[in-house]
Structure formats: structure tokens, C-alpha cells
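Below is work.pdb, holding PDB, C-alpha atoms.
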```pdb
ATOM      1  CA  MET H 992     -43.162  46.349  74.671
ATOM      2  CA  ALA H 993     -43.666  48.265  77.877
ATOM      3  CA  ARG H 994     -44.927  51.802  77.610
ATOM      4  CA  ARG H 995     -46.958  54.122  79.706
ATOM      5  CA  ILE H 996     -50.698  53.949  79.138
ATOM      6  CA  ASN H 997     -51.264  57.682  79.416
ATOM      7  CA  VAL H 998     -48.914  58.474  76.487
ATOM      8  CA  SER H 999     -50.709  58.100  73.165
ATOM      9  CA  CYS H1000     -48.900  56.979  70.055
ATOM     10  CA  GLY H1001     -48.729  59.339  67.088
ATOM     11  CA  ALA H1002     -51.702  57.639  65.418
ATOM     12  CA  CYS H1003     -53.960  57.820  68.478
ATOM     13  CA  ARG H1004     -52.855  61.372  69.152
ATOM     14  CA  ALA H1005     -53.749  62.396  65.590
ATOM     15  CA  GLN H1006     -57.163  60.717  65.992
ATOM     16  CA  ARG H1007     -57.603  62.311  69.445
ATOM     17  CA  LYS H1008     -58.270  59.051  71.204
ATOM     18  CA  LYS H1009     -56.690  57.115  74.055
ATOM     19  CA  CYS H1010     -54.013  54.603  73.181
ATOM     20  CA  SER H1011     -54.281  51.083  74.597
ATOM     21  CA  GLN H1012     -51.593  48.465  75.235
ATOM     22  CA  GLU H1013     -52.872  46.476  72.241
ATOM     23  CA  CYS H1014     -52.678  49.398  69.802
ATOM     24  CA  THR H1015     -51.531  48.008  66.448
ATOM     25  CA  LEU H1016     -50.231  51.370  65.319
ATOM     26  CA  ALA H1017     -48.161  52.285  68.383
ATOM     27  CA  PRO H1018     -44.912  50.530  67.317
ATOM     28  CA  HIS H1019     -44.952  52.339  63.976
ATOM     29  CA  PHE H1020     -46.088  55.839  64.873
ATOM     30  CA  PRO H1021     -44.051  57.419  67.685
ATOM     31  CA  PRO H1022     -45.815  59.921  69.951
ATOM     32  CA  ASP H1023     -43.505  62.751  68.892
ATOM     33  CA  ASP H1024     -44.444  62.455  65.181
ATOM     34  CA  PRO H1025     -48.237  62.607  64.693
ATOM     35  CA  LEU H1026     -47.776  64.162  61.234
ATOM     36  CA  LYS H1027     -46.471  60.828  59.911
ATOM     37  CA  PHE H1028     -49.816  59.174  60.662
ATOM     38  CA  THR H1029     -51.790  62.147  59.358
ATOM     39  CA  ILE H1030     -50.169  61.872  55.922
ATOM     40  CA  VAL H1031     -50.806  58.128  55.660
ATOM     41  CA  GLN H1032     -54.344  58.438  57.044
ATOM     42  CA  LYS H1033     -55.221  61.133  54.520
ATOM     43  CA  VAL H1034     -54.545  58.731  51.635
ATOM     44  CA  PHE H1035     -55.383  55.286  53.033
ATOM     45  CA  GLY H1036     -57.687  55.904  56.012
ATOM     46  CA  ALA H1037     -57.120  54.687  59.572
ATOM     47  CA  LYS H1038     -59.180  51.474  59.232
ATOM     48  CA  ASN H1039     -57.340  50.440  56.063
ATOM     49  CA  ILE H1040     -53.967  51.075  57.698
ATOM     50  CA  ILE H1041     -54.897  48.896  60.686
ATOM     51  CA  LYS H1042     -56.350  46.192  58.431
ATOM     52  CA  LEU H1043     -53.279  46.136  56.206
ATOM     53  CA  LEU H1044     -50.854  46.002  59.115
ATOM     54  CA  GLN H1045     -52.789  43.117  60.692
ATOM     55  CA  GLU H1046     -52.633  41.129  57.437
ATOM     56  CA  VAL H1047     -48.859  41.525  57.123
ATOM     57  CA  GLU H1048     -46.395  39.409  59.117
ATOM     58  CA  ALA H1049     -45.127  41.166  62.237
ATOM     59  CA  ASP H1050     -41.523  41.436  61.001
ATOM     60  CA  LYS H1051     -42.659  42.968  57.679
ATOM     61  CA  ARG H1052     -44.980  45.621  59.118
ATOM     62  CA  GLY H1053     -42.298  48.302  59.272
ATOM     63  CA  ASP H1054     -41.536  47.834  55.578
ATOM     64  CA  ALA H1055     -45.233  47.857  54.698
ATOM     65  CA  LEU H1056     -45.729  51.068  56.647
ATOM     66  CA  ASN H1057     -42.703  52.710  55.021
ATOM     67  CA  SER H1058     -44.154  51.768  51.644
ATOM     68  CA  MET H1059     -47.521  53.292  52.567
ATOM     69  CA  LEU H1060     -45.808  56.428  53.856
ATOM     70  CA  TYR H1061     -43.844  56.756  50.602
ATOM     71  CA  GLU H1062     -46.965  56.286  48.474
ATOM     72  CA  ALA H1063     -48.960  58.698  50.649
ATOM     73  CA  SER H1064     -46.252  61.369  50.403
ATOM     74  CA  ALA H1065     -46.121  60.911  46.633
ATOM     75  CA  ARG H1066     -49.931  61.146  46.429
ATOM     76  CA  VAL H1067     -49.899  64.394  48.412
ATOM     77  CA  ASN H1068     -47.336  65.850  45.979
ATOM     78  CA  ASP H1069     -48.974  64.387  42.833
ATOM     79  CA  PRO H1070     -52.608  63.392  43.475
ATOM     80  CA  ILE H1071     -53.118  61.867  40.028
ATOM     81  CA  TYR H1072     -50.075  59.642  39.516
ATOM     82  CA  GLY H1073     -48.523  59.375  42.986
ATOM     83  CA  CYS H1074     -45.316  57.391  43.055
ATOM     84  CA  ALA H1075     -46.038  56.020  39.561
ATOM     85  CA  ALA H1076     -44.820  59.350  38.184
ATOM     86  CA  GLU H1077     -41.541  58.940  40.058
ATOM     87  CA  VAL H1078     -41.178  55.344  38.857
ATOM     88  CA  TYR H1079     -41.842  56.468  35.265
ATOM     89  CA  GLN H1080     -39.260  59.259  35.576
ATOM     90  CA  LEU H1081     -36.655  56.858  36.959
ATOM     91  CA  GLN H1082     -37.359  54.342  34.173
ATOM     92  CA  LYS H1083     -36.937  57.127  31.621
ATOM     93  CA  GLU H1084     -33.593  58.120  33.169
ATOM     94  CA  ILE H1085     -32.458  54.475  33.150
ATOM     95  CA  ALA H1086     -33.349  54.156  29.453
ATOM     96  CA  GLU H1087     -31.416  57.347  28.639
ATOM     97  CA  LEU H1088     -28.391  56.172  30.617
ATOM     98  CA  GLU H1089     -28.504  52.739  28.964
ATOM     99  CA  SER H1090     -28.565  54.469  25.575
ATOM    100  CA  GLN H1091     -25.581  56.616  26.525
ATOM    101  CA  LEU H1092     -23.757  53.539  27.781
ATOM    102  CA  ALA H1093     -24.414  51.664  24.532
ATOM    103  CA  THR H1094     -23.159  54.640  22.493
ATOM    104  CA  THR H1095     -20.055  54.930  24.637
ATOM    105  CA  LYS H1096     -19.355  51.191  24.354
ATOM    106  CA  ALA H1097     -19.732  51.403  20.570
ATOM    107  CA  GLU H1098     -17.314  54.335  20.434
ATOM    108  CA  LEU H1099     -14.867  52.490  22.661
ATOM    109  CA  ASN H1100     -15.041  49.377  20.480
ATOM    110  CA  GLN H1101     -14.508  51.536  17.383
ATOM    111  CA  MET H1102     -11.448  53.149  18.935
ATOM    112  CA  ARG H1103     -10.070  49.777  20.019
ATOM    113  CA  SER H1104     -10.582  48.474  16.491
ATOM    114  CA  GLU H1105      -8.844  51.478  14.956
ATOM    115  CA  TYR H1106      -6.000  51.166  17.440
ATOM    116  CA  GLY H1107      -5.648  47.458  16.688
ATOM    117  CA  LYS H1108      -5.545  48.165  12.944
ATOM    118  CA  LEU H1109      -2.890  50.806  13.443
ATOM    119  CA  VAL H1110      -0.756  48.579  15.624
ATOM    120  CA  PHE H1111      -1.070  45.775  13.070
ATOM    121  CA  LEU H1112      -0.267  48.033  10.128
ATOM    122  CA  MET H1113       2.696  49.601  11.878
ATOM    123  CA  GLY H1114       4.027  46.201  12.914
ATOM    124  CA  THR H1115       3.636  44.476   9.533
ATOM    125  CA  GLY H1116       4.804  47.335   7.356
ATOM    126  CA  SER H1117       1.911  46.844   4.980
ATOM    127  CA  LEU H1118       0.517  49.540   2.741
ATOM    128  CA  ASP H1119       3.965  49.839   1.138
ATOM    129  CA  ASP H1120       5.595  50.790   4.453
ATOM    130  CA  GLN H1121       3.473  53.902   4.725
ATOM    131  CA  LEU H1122       2.534  55.151   8.172
ATOM    132  CA  VAL H1123      -1.205  55.344   8.797
ATOM    133  CA  TYR H1124      -3.006  57.432  11.435
ATOM    134  CA  PRO H1125      -6.716  58.100  11.984
ATOM    135  CA  ILE H1126      -7.774  61.646  11.164
ATOM    136  CA  ASP H1127      -9.306  62.129  14.624
ATOM    137  CA  ALA H1128     -11.183  60.160  17.282
ATOM    138  CA  THR H1129     -14.523  60.629  15.523
ATOM    139  CA  SER H1130     -13.410  59.682  12.008
ATOM    140  CA  PRO H1131     -15.257  56.720  10.485
ATOM    141  CA  PRO H1132     -13.442  53.451   9.837
ATOM    142  CA  GLY H1133     -11.212  53.555   6.789
ATOM    143  CA  GLU H1134     -10.425  57.295   6.967
ATOM    144  CA  TYR H1135      -6.726  57.702   7.610
ATOM    145  CA  ILE H1136      -3.906  60.148   7.088
ATOM    146  CA  ILE H1137      -1.078  58.375   5.303
ATOM    147  CA  TYR H1138       2.488  59.638   5.710
ATOM    148  CA  GLU H1139       4.763  58.352   2.973
ATOM    149  CA  GLU H1140       8.134  59.445   4.229
ATOM    150  CA  VAL H1141       8.664  60.143   7.909
ATOM    151  CA  ASP H1142       6.542  59.475  10.979
ATOM    152  CA  PRO H1143       5.730  63.005  12.216
ATOM    153  CA  PHE H1144       5.167  61.759  15.749
ATOM    154  CA  LEU H1145       8.512  60.026  16.011
ATOM    155  CA  SER H1146      10.654  62.450  14.013
ATOM    156  CA  CYS H1147      10.440  65.346  16.436
ATOM    157  CA  GLY H1148      13.263  63.973  18.584
ATOM    158  CA  PRO H1149      13.309  63.256  22.281
ATOM    159  CA  LEU H1150      10.938  65.108  24.536
ATOM    160  CA  TRP H1151      13.705  65.917  26.963
ATOM    161  CA  GLU H1152      17.339  66.772  26.743
ATOM    162  CA  ALA H1153      19.915  64.919  28.808
TER     163      ALA H1153
END
```
Target format C-alpha cells, applied to this file:
Amino acid sequence: MARRINVSCGACRAQRKKCSQECTLAPHFPPDDPLKFTIVQKVFGAKNIIKLLQEVEADKRGDALNSMLYEASARVNDPIYGCAAEVYQLQKEIAELESQLATTKAELNQMRSEYGKLVFLMGTGSLDDQLVYPIDATSPPGEYIIYEEVDPFLSCGPLWEA
């Protein structure tokens, strides 16, 4: 990577030192954003950042640095828990959403069951040819309104006039 020697990367600029061609931090900290390095340095320290980046494969260094930047930003906002607080909050939201999904699936299965029973009863003419309807969408299984004479939903005539 060719760059001018007299332009320091964001990390070297934040440390107020000259940047060399072999600077490990230069590809990850652009000269126009020294604050990015300052945040990461505050949490991890410059030597630890350099050491960590040297231990990681070259193609994975950007991801490692993004991870450190995320953790450092979380630590600045929440010094005790850091990003663990965010992970915990997201896990809590996932558990709540999974619970809601399970409840909704149970309700849907209940409604499908009720609908299937109604279709079966209406098609077979059981229950002495009485028409059976659930009381409402939240009624428990087995609670029905039974019409002995005329289907109130079908006896109102056509919905439109020709």
C-alpha cells in the first residue's frame, strides 16, 4: 500500500508520533478519524491493539478491529457490563418474541381446530342437524352457540341485489 510518509494514520496522530511504512495500525485507522483509535485505545491500550492485530490473520484484522471498536464503544457507554448488557437485552427480547410466537401459534392451531370441527359438523349434519358456531375467537374448545332452526348467517339473503 503506497502512502505518503509525512501523513500519519489516525492511530499515530492520536499518539502524536510519526507514522512509518510498516505501521500495523495504518490500514485500519484512517488519518481523518483519530477519534476511532482514541476510543479503542482507551479500553484496550495501544500495545494490546497492535499485539492483537499481529496475532490475527491479515484478512481477518478488519473484523477483529471492528469487534474491538464495538466493545470499546459499549464499554464507554456502560463501563461495568459493556456489550454484555446489549447481548443480554437482545437475548431477553428474543425470549419474549419466542414466547409471543408460541402463544400465537397455539391460538392459530386452536382456531384451525375449531374451524375444522365446524366444517365437519356442518358437512355431516351431526348434532341432530343443529348448526354450531363458536361464541367468539377466544372461546375455549367445546363452547358453541347452537342454532336449532335457521342458520342466521345464511338466512339474511344475498348481500347484493341484481
Hey, which bits of region 1029-1131 of chain H sit within 12 Å of region 997-1002 of chain H, and for each residue what's the closest pair of atoms and how far apart in Å (one decimal), counting all atoms listed in the file, rows by chain and increasing number, as a Markdown table?
```
| residue | atom | partner | partner_atom | distance |
| --- | --- | --- | --- | --- |
| H:Thr1029 | CA | H:Ala1002 | CA | 7.6 |
| H:Ile1030 | CA | H:Ala1002 | CA | 10.5 |
| H:Val1031 | CA | H:Ala1002 | CA | 9.8 |
| H:Gln1032 | CA | H:Ala1002 | CA | 8.8 |
| H:Lys1033 | CA | H:Ala1002 | CA | 12.0 |
| H:Gly1036 | CA | H:Ala1002 | CA | 11.3 |
| H:Ala1037 | CA | H:Ala1002 | CA | 8.5 |
| H:Lys1038 | CA | H:Ala1002 | CA | 11.5 |
| H:Ile1040 | CA | H:Ala1002 | CA | 10.4 |
| H:Ile1041 | CA | H:Ala1002 | CA | 10.4 |
```
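The gap separating CA of Val1078 (chain H) from CA of Ala1063 (chain H) is 14.5 Å, in Å to one decimal.
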Matched chain/residue IDs from the PyMOL selection byres ((chain H and resi 1025) around 8), as a PyMOL selection string: chain H and resi 1000-1002+1004-1005+1020-1024+1026-1029
Determine the residue membership of the PyMOL selection byres ((chain H and resi 1014) around 10) for the file above and supply it as an MDAnalysis selection string. chainID H and resid 999:1000 1002:1003 1009:1013 1015:1018 1041
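Using all atoms listed in the file, the residues found no farther than 10 Å from Glu1077 (chain H), other than those of its own chain fewer than 6 positions away, are Ala1065, Asp1069 and Lys1083 of chain H.
For the pair CA of Gln1080 (chain H) and CA of Lys1051 (chain H), the separation is 27.7 Å.
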Region 1050-1060 of chain H, all listed atoms, 3 Å padding on each side: what axis-aligned box centre and edge lengths in Å to one decimal come out, as JSON?
```
{"center_x": -44.5, "center_y": 48.9, "center_z": 56.3, "size_x": 12.0, "size_y": 21.0, "size_z": 15.4}
```
Within 6 Å of (-47.1, 50.8, 60.6) (coordinates as in the file), grab all the protein and nucleic acid residues, counting only C-alpha atoms, and write them out as a list in words.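 Within the cut-off we find Leu1016, His1019, Arg1052, Gly1053 and Leu1056 of chain H.
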In Å, rounded to a single decimal, give me how far CA of Ala1075 (chain H) is from CA of Asn1057 (chain H).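 It comes out at 16.2 Å.
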Quick one: everything within 12 Å of Ala1055 (chain H), counting only C-alpha atoms, minus sequence neighbours fewer than 3 positions away in the same chain. Send it as an NGL selection string. :H and (1019 or 1031 or 1040-1052 or 1058-1062)
